[in-house]
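A.B. asks: Data file entry_23.csv (CSV, N, CA and C atoms) is appended below.
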```
chain,number,residue,atom,x,y,z
A,1,GLN,N,0.9,-1.2,0.0
A,1,GLN,CA,0.0,0.0,0.0
A,1,GLN,C,0.9,1.2,0.0
A,2,VAL,N,0.3,2.4,-0.4
A,2,VAL,CA,1.0,3.6,-0.5
A,2,VAL,C,1.3,4.1,1.0
A,3,ARG,N,2.5,4.5,1.2
A,3,ARG,CA,2.8,5.1,2.5
A,3,ARG,C,3.8,6.2,2.3
A,4,LEU,N,3.4,7.3,3.0
A,4,LEU,CA,4.2,8.6,2.9
A,4,LEU,C,4.5,9.0,4.3
A,5,VAL,N,5.8,9.2,4.6
A,5,VAL,CA,6.3,9.6,5.9
A,5,VAL,C,7.1,10.8,5.9
A,6,GLU,N,6.6,11.9,6.5
A,6,GLU,CA,7.2,13.2,6.5
A,6,GLU,C,8.1,13.3,7.8
A,7,SER,N,9.1,14.1,7.7
A,7,SER,CA,10.0,14.4,8.8
A,7,SER,C,10.6,15.8,8.6
A,8,GLY,N,11.2,16.3,9.7
A,8,GLY,CA,11.9,17.6,9.5
A,8,GLY,C,11.3,18.8,10.1
A,9,GLY,N,10.1,18.7,10.5
A,9,GLY,CA,9.4,19.9,11.0
A,9,GLY,C,10.0,20.3,12.4
A,10,GLY,N,9.6,21.5,12.9
A,10,GLY,CA,10.1,21.9,14.2
A,10,GLY,C,9.7,23.4,14.4
A,11,LEU,N,10.4,23.9,15.4
A,11,LEU,CA,10.2,25.3,15.8
A,11,LEU,C,11.4,26.1,15.3
A,12,VAL,N,11.1,27.2,14.6
A,12,VAL,CA,12.2,28.0,14.0
A,12,VAL,C,11.8,29.5,14.2
A,13,GLN,N,12.8,30.4,14.3
A,13,GLN,CA,12.5,31.8,14.3
A,13,GLN,C,12.2,32.3,12.9
A,14,ALA,N,11.5,33.4,12.8
A,14,ALA,CA,11.3,34.0,11.6
A,14,ALA,C,12.6,34.4,10.9
A,15,GLY,N,12.7,34.1,9.6
A,15,GLY,CA,13.9,34.3,8.9
A,15,GLY,C,14.8,33.1,8.8
A,16,GLY,N,14.4,32.1,9.5
A,16,GLY,CA,15.2,30.8,9.6
A,16,GLY,C,14.8,29.9,8.5
A,17,SER,N,15.4,28.7,8.5
A,17,SER,CA,15.2,27.7,7.5
A,17,SER,C,14.9,26.3,8.1
A,18,LEU,N,14.2,25.5,7.3
A,18,LEU,CA,13.9,24.1,7.6
A,18,LEU,C,13.9,23.3,6.4
A,19,ARG,N,14.3,22.1,6.5
A,19,ARG,CA,14.3,21.1,5.4
A,19,ARG,C,13.3,20.0,5.8
A,20,LEU,N,12.3,19.8,5.0
A,20,LEU,CA,11.3,18.7,5.2
A,20,LEU,C,11.6,17.6,4.2
A,21,SER,N,11.4,16.4,4.7
A,21,SER,CA,11.6,15.2,3.8
A,21,SER,C,10.4,14.4,3.9
A,22,CYS,N,10.1,13.6,2.8
A,22,CYS,CA,9.0,12.7,2.8
A,22,CYS,C,9.6,11.5,2.0
A,23,THR,N,9.4,10.3,2.7
A,23,THR,CA,9.9,9.1,2.1
A,23,THR,C,8.6,8.3,1.7
A,24,ALA,N,8.6,7.8,0.5
A,24,ALA,CA,7.5,7.1,-0.1
A,24,ALA,C,7.7,5.6,-0.2
A,25,SER,N,6.7,4.8,-0.1
A,25,SER,CA,6.8,3.4,-0.3
A,25,SER,C,5.5,2.9,-0.9
A,26,GLY,N,5.5,1.8,-1.6
A,26,GLY,CA,4.3,1.3,-2.2
A,26,GLY,C,3.9,1.8,-3.5
A,27,ILE,N,4.8,2.6,-4.1
A,27,ILE,CA,4.6,3.1,-5.5
A,27,ILE,C,6.0,3.1,-6.2
A,28,ASN,N,5.9,3.1,-7.5
A,28,ASN,CA,7.1,3.2,-8.3
A,28,ASN,C,7.4,4.7,-8.3
A,29,PHE,N,8.1,5.1,-7.3
A,29,PHE,CA,8.3,6.5,-7.0
A,29,PHE,C,8.7,7.4,-8.2
A,30,ARG,N,9.6,6.9,-9.0
A,30,ARG,CA,10.1,7.8,-10.0
A,30,ARG,C,9.1,8.2,-11.1
A,31,LEU,N,8.0,7.4,-11.1
A,31,LEU,CA,6.9,7.7,-12.1
A,31,LEU,C,5.9,8.7,-11.6
A,32,TYR,N,6.0,9.1,-10.3
A,32,TYR,CA,4.9,9.9,-9.7
A,32,TYR,C,5.3,11.3,-9.5
A,33,ALA,N,4.3,12.2,-9.8
A,33,ALA,CA,4.5,13.6,-9.3
A,33,ALA,C,4.2,13.6,-7.8
A,34,MET,N,5.0,14.4,-7.1
A,34,MET,CA,4.9,14.5,-5.7
A,34,MET,C,4.6,16.0,-5.3
A,35,ASN,N,3.8,16.1,-4.2
A,35,ASN,CA,3.4,17.5,-3.8
A,35,ASN,C,3.7,17.7,-2.3
A,36,TRP,N,3.9,18.9,-2.0
A,36,TRP,CA,3.8,19.3,-0.6
A,36,TRP,C,2.6,20.3,-0.4
A,37,TYR,N,1.9,20.0,0.7
A,37,TYR,CA,0.7,20.8,1.1
A,37,TYR,C,1.0,21.3,2.5
A,38,ARG,N,0.2,22.2,2.9
A,38,ARG,CA,0.2,22.6,4.3
A,38,ARG,C,-1.2,23.0,4.7
A,39,GLN,N,-1.4,22.9,6.0
A,39,GLN,CA,-2.7,23.2,6.6
A,39,GLN,C,-2.5,24.0,7.9
A,40,ALA,N,-2.8,25.2,7.9
A,40,ALA,CA,-2.7,26.0,9.1
A,40,ALA,C,-4.0,25.8,9.9
A,41,ALA,N,-3.9,26.1,11.2
A,41,ALA,CA,-5.1,25.9,12.1
A,41,ALA,C,-6.3,26.7,11.6
A,42,GLY,N,-7.4,26.0,11.4
A,42,GLY,CA,-8.6,26.6,11.0
A,42,GLY,C,-8.7,26.9,9.5
A,43,GLU,N,-7.7,26.5,8.8
A,43,GLU,CA,-7.7,26.8,7.3
A,43,GLU,C,-7.8,25.5,6.5
A,44,GLN,N,-8.0,25.7,5.2
A,44,GLN,CA,-8.0,24.5,4.4
A,44,GLN,C,-6.6,24.1,3.9
A,45,ARG,N,-6.5,22.9,3.6
A,45,ARG,CA,-5.2,22.5,3.1
A,45,ARG,C,-4.9,23.1,1.8
A,46,GLU,N,-3.6,23.6,1.6
A,46,GLU,CA,-3.3,24.3,0.4
A,46,GLU,C,-2.0,23.6,-0.2
A,47,LEU,N,-2.0,23.7,-1.5
A,47,LEU,CA,-0.8,23.1,-2.2
A,47,LEU,C,0.3,24.2,-2.2
A,48,VAL,N,1.5,23.7,-1.8
A,48,VAL,CA,2.6,24.6,-1.6
A,48,VAL,C,3.6,24.5,-2.8
A,49,ALA,N,3.9,23.2,-3.1
A,49,ALA,CA,4.9,23.0,-4.2
A,49,ALA,C,4.6,21.6,-4.8
A,50,SER,N,5.0,21.5,-6.1
A,50,SER,CA,4.8,20.2,-6.8
A,50,SER,C,6.1,19.9,-7.6
A,51,ILE,N,6.4,18.7,-7.8
A,51,ILE,CA,7.5,18.3,-8.7
A,51,ILE,C,7.0,17.1,-9.5
A,52,SER,N,7.1,17.2,-10.8
A,52,SER,CA,6.7,16.1,-11.7
A,52,SER,C,7.7,15.0,-11.7
A,53,SER,N,7.3,13.9,-12.3
A,53,SER,CA,8.2,12.8,-12.5
A,53,SER,C,9.5,13.2,-13.2
A,54,ALA,N,9.4,14.2,-14.1
A,54,ALA,CA,10.5,14.6,-14.9
A,54,ALA,C,11.3,15.7,-14.1
A,55,GLY,N,10.8,16.1,-13.0
A,55,GLY,CA,11.6,17.1,-12.2
A,55,GLY,C,11.1,18.5,-12.4
A,56,ASP,N,10.1,18.7,-13.1
A,56,ASP,CA,9.5,20.1,-13.3
A,56,ASP,C,8.8,20.5,-12.0
A,57,THR,N,9.0,21.7,-11.6
A,57,THR,CA,8.5,22.2,-10.3
A,57,THR,C,7.5,23.4,-10.5
A,58,ASN,N,6.6,23.5,-9.5
A,58,ASN,CA,5.7,24.6,-9.5
A,58,ASN,C,5.5,24.9,-8.0
A,59,TYR,N,5.2,26.2,-7.8
A,59,TYR,CA,5.1,26.7,-6.4
A,59,TYR,C,3.9,27.6,-6.3
A,60,SER,N,3.4,27.6,-5.1
A,60,SER,CA,2.3,28.6,-4.8
A,60,SER,C,3.0,30.0,-4.7
A,61,ASP,N,2.2,31.0,-4.8
A,61,ASP,CA,2.8,32.4,-4.8
A,61,ASP,C,3.5,32.6,-3.5
A,62,SER,N,3.0,32.1,-2.4
A,62,SER,CA,3.6,32.3,-1.1
A,62,SER,C,4.9,31.6,-0.9
A,63,ALA,N,5.1,30.5,-1.7
A,63,ALA,CA,6.3,29.7,-1.6
A,63,ALA,C,7.4,30.1,-2.6
A,64,LYS,N,7.0,30.8,-3.7
A,64,LYS,CA,7.9,31.1,-4.7
A,64,LYS,C,9.1,32.0,-4.2
A,65,GLY,N,10.3,31.6,-4.6
A,65,GLY,CA,11.4,32.4,-4.2
A,65,GLY,C,12.0,32.0,-2.8
A,66,ARG,N,11.2,31.3,-2.0
A,66,ARG,CA,11.7,31.0,-0.7
A,66,ARG,C,11.8,29.5,-0.5
A,67,PHE,N,10.9,28.7,-1.1
A,67,PHE,CA,10.9,27.2,-0.9
A,67,PHE,C,11.5,26.6,-2.2
A,68,THR,N,12.1,25.4,-2.0
A,68,THR,CA,12.6,24.6,-3.1
A,68,THR,C,12.2,23.2,-2.9
A,69,ILE,N,11.5,22.6,-3.9
A,69,ILE,CA,11.1,21.2,-3.8
A,69,ILE,C,12.1,20.4,-4.7
A,70,SER,N,12.5,19.3,-4.2
A,70,SER,CA,13.4,18.4,-5.0
A,70,SER,C,13.1,17.0,-4.7
A,71,ARG,N,13.6,16.1,-5.5
A,71,ARG,CA,13.3,14.7,-5.3
A,71,ARG,C,14.5,13.9,-5.5
A,72,ASN,N,14.6,12.7,-4.9
A,72,ASN,CA,15.7,11.8,-5.0
A,72,ASN,C,15.0,10.4,-5.3
A,73,ASN,N,15.1,10.0,-6.5
A,73,ASN,CA,14.5,8.8,-7.0
A,73,ASN,C,15.2,7.5,-6.5
A,74,VAL,N,16.4,7.7,-6.0
A,74,VAL,CA,17.1,6.5,-5.5
A,74,VAL,C,16.6,6.2,-4.1
A,75,TRP,N,16.3,7.2,-3.3
A,75,TRP,CA,15.9,7.0,-1.9
A,75,TRP,C,14.4,7.2,-1.8
A,76,ASN,N,13.7,7.4,-2.9
A,76,ASN,CA,12.2,7.6,-2.9
A,76,ASN,C,11.8,8.7,-2.0
A,77,ARG,N,12.5,9.8,-2.1
A,77,ARG,CA,12.3,10.9,-1.2
A,77,ARG,C,12.0,12.2,-2.0
A,78,VAL,N,11.1,13.0,-1.4
A,78,VAL,CA,10.9,14.3,-1.9
A,78,VAL,C,11.1,15.3,-0.7
A,79,ASN,N,11.8,16.3,-1.0
A,79,ASN,CA,12.3,17.3,0.0
A,79,ASN,C,11.6,18.7,-0.2
A,80,LEU,N,11.5,19.4,0.8
A,80,LEU,CA,11.1,20.8,0.7
A,80,LEU,C,12.1,21.6,1.6
A,81,GLU,N,12.9,22.4,0.9
A,81,GLU,CA,13.8,23.3,1.5
A,81,GLU,C,13.1,24.7,1.7
A,82,MET,N,12.9,25.1,2.9
A,82,MET,CA,12.2,26.3,3.2
A,82,MET,C,13.1,27.4,3.8
A,83,ASN,N,13.2,28.5,3.2
A,83,ASN,CA,14.1,29.6,3.7
A,83,ASN,C,13.3,30.8,3.9
A,84,SER,N,13.9,31.7,4.6
A,84,SER,CA,13.2,33.0,5.0
A,84,SER,C,11.8,32.8,5.5
A,85,LEU,N,11.7,31.9,6.4
A,85,LEU,CA,10.4,31.5,7.0
A,85,LEU,C,9.7,32.7,7.7
A,86,LYS,N,8.4,32.7,7.6
A,86,LYS,CA,7.6,33.7,8.2
A,86,LYS,C,6.6,33.1,9.2
A,87,PRO,N,6.1,33.8,10.1
A,87,PRO,CA,5.1,33.3,11.0
A,87,PRO,C,3.9,32.7,10.3
A,88,GLU,N,3.6,33.3,9.2
A,88,GLU,CA,2.4,32.8,8.4
A,88,GLU,C,2.7,31.4,7.7
A,89,ASP,N,3.9,31.0,7.7
A,89,ASP,CA,4.2,29.6,7.2
A,89,ASP,C,3.9,28.5,8.3
A,90,THR,N,3.6,28.9,9.4
A,90,THR,CA,3.2,28.0,10.5
A,90,THR,C,2.0,27.1,10.1
A,91,ALA,N,2.2,25.8,10.1
A,91,ALA,CA,1.2,24.9,9.6
A,91,ALA,C,1.7,23.5,9.8
A,92,VAL,N,0.9,22.5,9.6
A,92,VAL,CA,1.3,21.1,9.4
A,92,VAL,C,1.5,20.9,7.9
A,93,TYR,N,2.7,20.4,7.6
A,93,TYR,CA,3.0,20.2,6.2
A,93,TYR,C,2.9,18.7,5.9
A,94,TYR,N,2.3,18.4,4.7
A,94,TYR,CA,2.0,17.1,4.3
A,94,TYR,C,2.6,16.9,2.9
A,95,CYS,N,3.2,15.7,2.6
A,95,CYS,CA,3.5,15.4,1.3
A,95,CYS,C,2.3,14.5,0.7
A,96,GLY,N,2.2,14.5,-0.6
A,96,GLY,CA,1.0,13.8,-1.1
A,96,GLY,C,1.3,13.4,-2.6
A,97,THR,N,0.6,12.4,-3.0
A,97,THR,CA,0.6,12.0,-4.4
A,97,THR,C,-0.7,11.4,-4.7
A,98,ARG,N,-0.9,11.1,-6.0
A,98,ARG,CA,-2.1,10.5,-6.5
A,98,ARG,C,-1.8,9.2,-7.1
A,99,HIS,N,-2.4,8.1,-6.6
A,99,HIS,CA,-2.2,6.8,-7.1
A,99,HIS,C,-3.5,6.1,-7.4
A,100,ARG,N,-3.6,5.7,-8.7
A,100,ARG,CA,-4.8,5.0,-9.1
A,100,ARG,C,-6.1,5.8,-8.8
A,101,GLY,N,-6.0,7.1,-9.0
A,101,GLY,CA,-7.2,8.0,-8.9
A,101,GLY,C,-7.5,8.4,-7.4
A,102,LEU,N,-6.7,8.0,-6.5
A,102,LEU,CA,-6.9,8.3,-5.1
A,102,LEU,C,-5.7,9.2,-4.6
A,103,ASP,N,-6.0,10.2,-3.8
A,103,ASP,CA,-5.0,11.0,-3.2
A,103,ASP,C,-4.5,10.4,-1.9
A,104,TYR,N,-3.2,10.5,-1.7
A,104,TYR,CA,-2.6,9.9,-0.5
A,104,TYR,C,-1.7,11.1,0.1
A,105,TRP,N,-1.8,11.1,1.5
A,105,TRP,CA,-1.0,12.0,2.2
A,105,TRP,C,-0.3,11.3,3.4
A,106,GLY,N,0.8,11.8,3.9
A,106,GLY,CA,1.4,11.3,5.1
A,106,GLY,C,0.7,11.8,6.3
A,107,GLN,N,1.3,11.6,7.4
A,107,GLN,CA,0.7,12.0,8.7
A,107,GLN,C,1.0,13.5,9.0
A,108,GLY,N,1.9,14.1,8.3
A,108,GLY,CA,2.2,15.5,8.4
A,108,GLY,C,3.4,15.7,9.4
A,109,THR,N,4.0,16.9,9.2
A,109,THR,CA,5.0,17.3,10.1
A,109,THR,C,4.8,18.8,10.4
A,110,ARG,N,4.8,19.1,11.7
A,110,ARG,CA,4.4,20.5,12.1
A,110,ARG,C,5.6,21.4,12.0
A,111,VAL,N,5.3,22.6,11.4
A,111,VAL,CA,6.3,23.7,11.3
A,111,VAL,C,5.7,24.9,12.1
A,112,THR,N,6.5,25.4,13.0
A,112,THR,CA,6.1,26.6,13.8
A,112,THR,C,7.1,27.6,13.6
A,113,VAL,N,6.7,28.8,13.1
A,113,VAL,CA,7.7,29.9,12.9
A,113,VAL,C,7.3,31.0,13.9
A,114,SER,N,8.2,31.3,14.8
A,114,SER,CA,8.0,32.3,15.8
A,114,SER,C,8.5,33.7,15.3
A,115,SER,N,7.8,34.7,15.8
A,115,SER,CA,8.1,36.0,15.3
A,115,SER,C,9.1,36.7,16.3
```
Show me, as structure tokens, the structure contained in the file I just sent.
C.D. replies:
Amino acid sequence: QVRLVESGGGLVQAGGSLRLSCTASGINFRLYAMNWYRQAAGEQRELVASISSAGDTNYSDSAKGRFTISRNNVWNRVNLEMNSLKPEDTAVYYCGTRHRGLDYWGQGTRVTVSS
């Protein structure tokens, strides 16, 4: 079955950096687009960054210029490098993918940015 496990969240001061990782299993990882989402308290989950199987990337406006998504097809891992973090980046971050018409997410990793 598809399993996604995120790590790397934590508490950081505004202006700081964090690197999130997500390890996938149960899929032929190199063939799948992978996404990072986030959900702040009381808000809907939003797409932050995507990377296609070919390595093409897309970012939300809030992430552009500060976040970098990358993938490692040897380790079945997708990363999100987050720089210049702001308090409004505080959220639970999830990696996700779509497999056979269904969306899958991991359990999430919490990022808290203090001002």
A.B. asks: For atom N of Met34 in chain A and atom C of Leu18 in chain A, determine how far apart the two atoms are, in Å to one decimal place.
C.D. replies: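 Calculated distance between atom N of Met34 in chain A and atom C of Leu18 in chain A is 18.5 Å.
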A.B. asks: Please list as a VMD selection string every residue within 7 Å of Ser53 in chain A, counting all atoms listed in the file and excluding residues in the same chain fewer than 5 positions away.
C.D. replies: chain A and resid 29 to 34
A.B. asks: When DSSP is applied to the backbone of this structure, which of range 12-101 of chain A are assigned helix (DSSP H, G or I)? Write them out as a PyMOL selection string.
C.D. replies: chain A and resi 29-31+87-89
A.B. asks: Skip Ala40 in chain A itself and residues of its chain fewer than 5 positions away, then list as an NGL selection string all residues within 7 Å of it, counting all atoms listed in the file.
C.D. replies: :A and (45-46 or 90-92)
A.B. asks: Taking into account only C-alpha atoms, which residue in the set A:Thr57, A:Ser21, A:Ser115, A:Thr68 is nearest to Gly9 in chain A?
C.D. replies: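 Closest candidate: A:Ser21.
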A.B. asks: Go ahead and compute the interatomic distance for atom C of Trp36 in chain A and CA of Gly96 in chain A, in Å to one decimal.
C.D. replies: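 Calculated distance between atom C of Trp36 in chain A and CA of Gly96 in chain A is 6.7 Å.
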A.B. asks: Work out how far atom N of Gly16 in chain A is from CA of Pro87 in chain A, in Å to one decimal.
C.D. replies: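 These two atoms are separated by 9.5 Å.
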A.B. asks: Missing atoms in range 28-39 of chain A need filling: write out all heavy atoms for it as a PDB file, in the coordinates of the input.
C.D. replies:
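Contents of out11.pdb, as written:
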```pdb
ATOM      1  N   ASN A  28       5.900   3.100  -7.500  1.00  0.00           N
ATOM      2  CA  ASN A  28       7.100   3.200  -8.300  1.00  0.00           C
ATOM      3  C   ASN A  28       7.400   4.700  -8.300  1.00  0.00           C
ATOM      4  O   ASN A  28       7.069   5.423  -9.246  1.00  0.00           O
ATOM      5  CB  ASN A  28       6.891   2.641  -9.689  1.00  0.00           C
ATOM      6  CG  ASN A  28       8.187   2.500 -10.460  1.00  0.00           C
ATOM      7  OD1 ASN A  28       9.207   3.084 -10.080  1.00  0.00           O
ATOM      8  ND2 ASN A  28       8.154   1.744 -11.532  1.00  0.00           N
ATOM      9  N   PHE A  29       8.100   5.100  -7.300  1.00  0.00           N
ATOM     10  CA  PHE A  29       8.300   6.500  -7.000  1.00  0.00           C
ATOM     11  C   PHE A  29       8.700   7.400  -8.200  1.00  0.00           C
ATOM     12  O   PHE A  29       8.113   8.488  -8.353  1.00  0.00           O
ATOM     13  CB  PHE A  29       9.282   6.687  -5.842  1.00  0.00           C
ATOM     14  CG  PHE A  29       9.520   8.090  -5.396  1.00  0.00           C
ATOM     15  CD1 PHE A  29       8.625   8.729  -4.532  1.00  0.00           C
ATOM     16  CD2 PHE A  29      10.632   8.803  -5.825  1.00  0.00           C
ATOM     17  CE1 PHE A  29       8.836  10.030  -4.116  1.00  0.00           C
ATOM     18  CE2 PHE A  29      10.857  10.101  -5.418  1.00  0.00           C
ATOM     19  CZ  PHE A  29       9.949  10.714  -4.551  1.00  0.00           C
ATOM     20  N   ARG A  30       9.600   6.900  -9.000  1.00  0.00           N
ATOM     21  CA  ARG A  30      10.100   7.800 -10.000  1.00  0.00           C
ATOM     22  C   ARG A  30       9.100   8.200 -11.100  1.00  0.00           C
ATOM     23  O   ARG A  30       9.261   9.095 -11.839  1.00  0.00           O
ATOM     24  CB  ARG A  30      11.308   7.107 -10.693  1.00  0.00           C
ATOM     25  CG  ARG A  30      10.949   5.829 -11.439  1.00  0.00           C
ATOM     26  CD  ARG A  30      12.180   5.146 -12.008  1.00  0.00           C
ATOM     27  NE  ARG A  30      11.817   3.919 -12.701  1.00  0.00           N
ATOM     28  CZ  ARG A  30      11.453   3.871 -13.973  1.00  0.00           C
ATOM     29  NH1 ARG A  30      11.410   4.989 -14.696  1.00  0.00           N
ATOM     30  NH2 ARG A  30      11.139   2.721 -14.531  1.00  0.00           N
ATOM     31  N   LEU A  31       8.000   7.400 -11.100  1.00  0.00           N
ATOM     32  CA  LEU A  31       6.900   7.700 -12.100  1.00  0.00           C
ATOM     33  C   LEU A  31       5.900   8.700 -11.600  1.00  0.00           C
ATOM     34  O   LEU A  31       4.993   9.067 -12.379  1.00  0.00           O
ATOM     35  CB  LEU A  31       6.238   6.379 -12.463  1.00  0.00           C
ATOM     36  CG  LEU A  31       7.114   5.299 -13.073  1.00  0.00           C
ATOM     37  CD1 LEU A  31       6.281   4.062 -13.390  1.00  0.00           C
ATOM     38  CD2 LEU A  31       7.842   5.807 -14.309  1.00  0.00           C
ATOM     39  N   TYR A  32       6.000   9.100 -10.300  1.00  0.00           N
ATOM     40  CA  TYR A  32       4.900   9.900  -9.700  1.00  0.00           C
ATOM     41  C   TYR A  32       5.300  11.300  -9.500  1.00  0.00           C
ATOM     42  O   TYR A  32       6.365  11.625  -9.028  1.00  0.00           O
ATOM     43  CB  TYR A  32       4.468   9.262  -8.412  1.00  0.00           C
ATOM     44  CG  TYR A  32       3.645   8.016  -8.592  1.00  0.00           C
ATOM     45  CD1 TYR A  32       4.232   6.814  -8.959  1.00  0.00           C
ATOM     46  CD2 TYR A  32       2.265   8.065  -8.421  1.00  0.00           C
ATOM     47  CE1 TYR A  32       3.464   5.684  -9.151  1.00  0.00           C
ATOM     48  CE2 TYR A  32       1.495   6.935  -8.606  1.00  0.00           C
ATOM     49  CZ  TYR A  32       2.103   5.745  -8.975  1.00  0.00           C
ATOM     50  OH  TYR A  32       1.333   4.629  -9.163  1.00  0.00           O
ATOM     51  N   ALA A  33       4.300  12.200  -9.800  1.00  0.00           N
ATOM     52  CA  ALA A  33       4.500  13.600  -9.300  1.00  0.00           C
ATOM     53  C   ALA A  33       4.200  13.600  -7.800  1.00  0.00           C
ATOM     54  O   ALA A  33       3.427  12.813  -7.289  1.00  0.00           O
ATOM     55  CB  ALA A  33       3.405  14.464  -9.995  1.00  0.00           C
ATOM     56  N   MET A  34       5.000  14.400  -7.100  1.00  0.00           N
ATOM     57  CA  MET A  34       4.900  14.500  -5.700  1.00  0.00           C
ATOM     58  C   MET A  34       4.600  16.000  -5.300  1.00  0.00           C
ATOM     59  O   MET A  34       5.048  16.916  -5.973  1.00  0.00           O
ATOM     60  CB  MET A  34       6.165  14.072  -5.028  1.00  0.00           C
ATOM     61  CG  MET A  34       6.526  12.618  -5.296  1.00  0.00           C
ATOM     62  SD  MET A  34       5.311  11.451  -4.645  1.00  0.00           S
ATOM     63  CE  MET A  34       5.408  11.789  -2.893  1.00  0.00           C
ATOM     64  N   ASN A  35       3.800  16.100  -4.200  1.00  0.00           N
ATOM     65  CA  ASN A  35       3.400  17.500  -3.800  1.00  0.00           C
ATOM     66  C   ASN A  35       3.700  17.700  -2.300  1.00  0.00           C
ATOM     67  O   ASN A  35       3.648  16.714  -1.563  1.00  0.00           O
ATOM     68  CB  ASN A  35       1.900  17.626  -4.058  1.00  0.00           C
ATOM     69  CG  ASN A  35       1.491  17.294  -5.467  1.00  0.00           C
ATOM     70  OD1 ASN A  35       2.016  17.858  -6.416  1.00  0.00           O
ATOM     71  ND2 ASN A  35       0.565  16.364  -5.609  1.00  0.00           N
ATOM     72  N   TRP A  36       3.900  18.900  -2.000  1.00  0.00           N
ATOM     73  CA  TRP A  36       3.800  19.300  -0.600  1.00  0.00           C
ATOM     74  C   TRP A  36       2.600  20.300  -0.400  1.00  0.00           C
ATOM     75  O   TRP A  36       2.422  21.190  -1.149  1.00  0.00           O
ATOM     76  CB  TRP A  36       5.118  20.074  -0.197  1.00  0.00           C
ATOM     77  CG  TRP A  36       6.261  19.175   0.088  1.00  0.00           C
ATOM     78  CD1 TRP A  36       7.292  18.852  -0.744  1.00  0.00           C
ATOM     79  CD2 TRP A  36       6.510  18.472   1.315  1.00  0.00           C
ATOM     80  NE1 TRP A  36       8.150  17.985  -0.120  1.00  0.00           N
ATOM     81  CE2 TRP A  36       7.701  17.735   1.148  1.00  0.00           C
ATOM     82  CE3 TRP A  36       5.840  18.382   2.540  1.00  0.00           C
ATOM     83  CZ2 TRP A  36       8.240  16.931   2.152  1.00  0.00           C
ATOM     84  CZ3 TRP A  36       6.370  17.582   3.542  1.00  0.00           C
ATOM     85  CH2 TRP A  36       7.561  16.872   3.349  1.00  0.00           C
ATOM     86  N   TYR A  37       1.900  20.000   0.700  1.00  0.00           N
ATOM     87  CA  TYR A  37       0.700  20.800   1.100  1.00  0.00           C
ATOM     88  C   TYR A  37       1.000  21.300   2.500  1.00  0.00           C
ATOM     89  O   TYR A  37       1.861  20.767   3.203  1.00  0.00           O
ATOM     90  CB  TYR A  37      -0.522  19.901   1.109  1.00  0.00           C
ATOM     91  CG  TYR A  37      -0.924  19.267  -0.181  1.00  0.00           C
ATOM     92  CD1 TYR A  37      -0.361  18.065  -0.599  1.00  0.00           C
ATOM     93  CD2 TYR A  37      -1.901  19.845  -0.992  1.00  0.00           C
ATOM     94  CE1 TYR A  37      -0.741  17.466  -1.781  1.00  0.00           C
ATOM     95  CE2 TYR A  37      -2.296  19.244  -2.180  1.00  0.00           C
ATOM     96  CZ  TYR A  37      -1.708  18.058  -2.559  1.00  0.00           C
ATOM     97  OH  TYR A  37      -2.100  17.455  -3.730  1.00  0.00           O
ATOM     98  N   ARG A  38       0.200  22.200   2.900  1.00  0.00           N
ATOM     99  CA  ARG A  38       0.200  22.600   4.300  1.00  0.00           C
ATOM    100  C   ARG A  38      -1.200  23.000   4.700  1.00  0.00           C
ATOM    101  O   ARG A  38      -2.046  23.380   3.888  1.00  0.00           O
ATOM    102  CB  ARG A  38       1.162  23.791   4.526  1.00  0.00           C
ATOM    103  CG  ARG A  38       0.751  25.106   3.907  1.00  0.00           C
ATOM    104  CD  ARG A  38       1.839  26.148   4.129  1.00  0.00           C
ATOM    105  NE  ARG A  38       1.469  27.447   3.591  1.00  0.00           N
ATOM    106  CZ  ARG A  38       2.313  28.472   3.504  1.00  0.00           C
ATOM    107  NH1 ARG A  38       3.574  28.340   3.917  1.00  0.00           N
ATOM    108  NH2 ARG A  38       1.914  29.618   3.016  1.00  0.00           N
ATOM    109  N   GLN A  39      -1.400  22.900   6.000  1.00  0.00           N
ATOM    110  CA  GLN A  39      -2.700  23.200   6.600  1.00  0.00           C
ATOM    111  C   GLN A  39      -2.500  24.000   7.900  1.00  0.00           C
ATOM    112  O   GLN A  39      -1.983  23.356   8.854  1.00  0.00           O
ATOM    113  CB  GLN A  39      -3.577  22.002   6.779  1.00  0.00           C
ATOM    114  CG  GLN A  39      -4.991  22.330   7.203  1.00  0.00           C
ATOM    115  CD  GLN A  39      -5.915  21.129   7.087  1.00  0.00           C
ATOM    116  OE1 GLN A  39      -5.483  19.978   7.004  1.00  0.00           O
ATOM    117  NE2 GLN A  39      -7.209  21.394   7.066  1.00  0.00           N
TER     118      GLN A  39
END
```
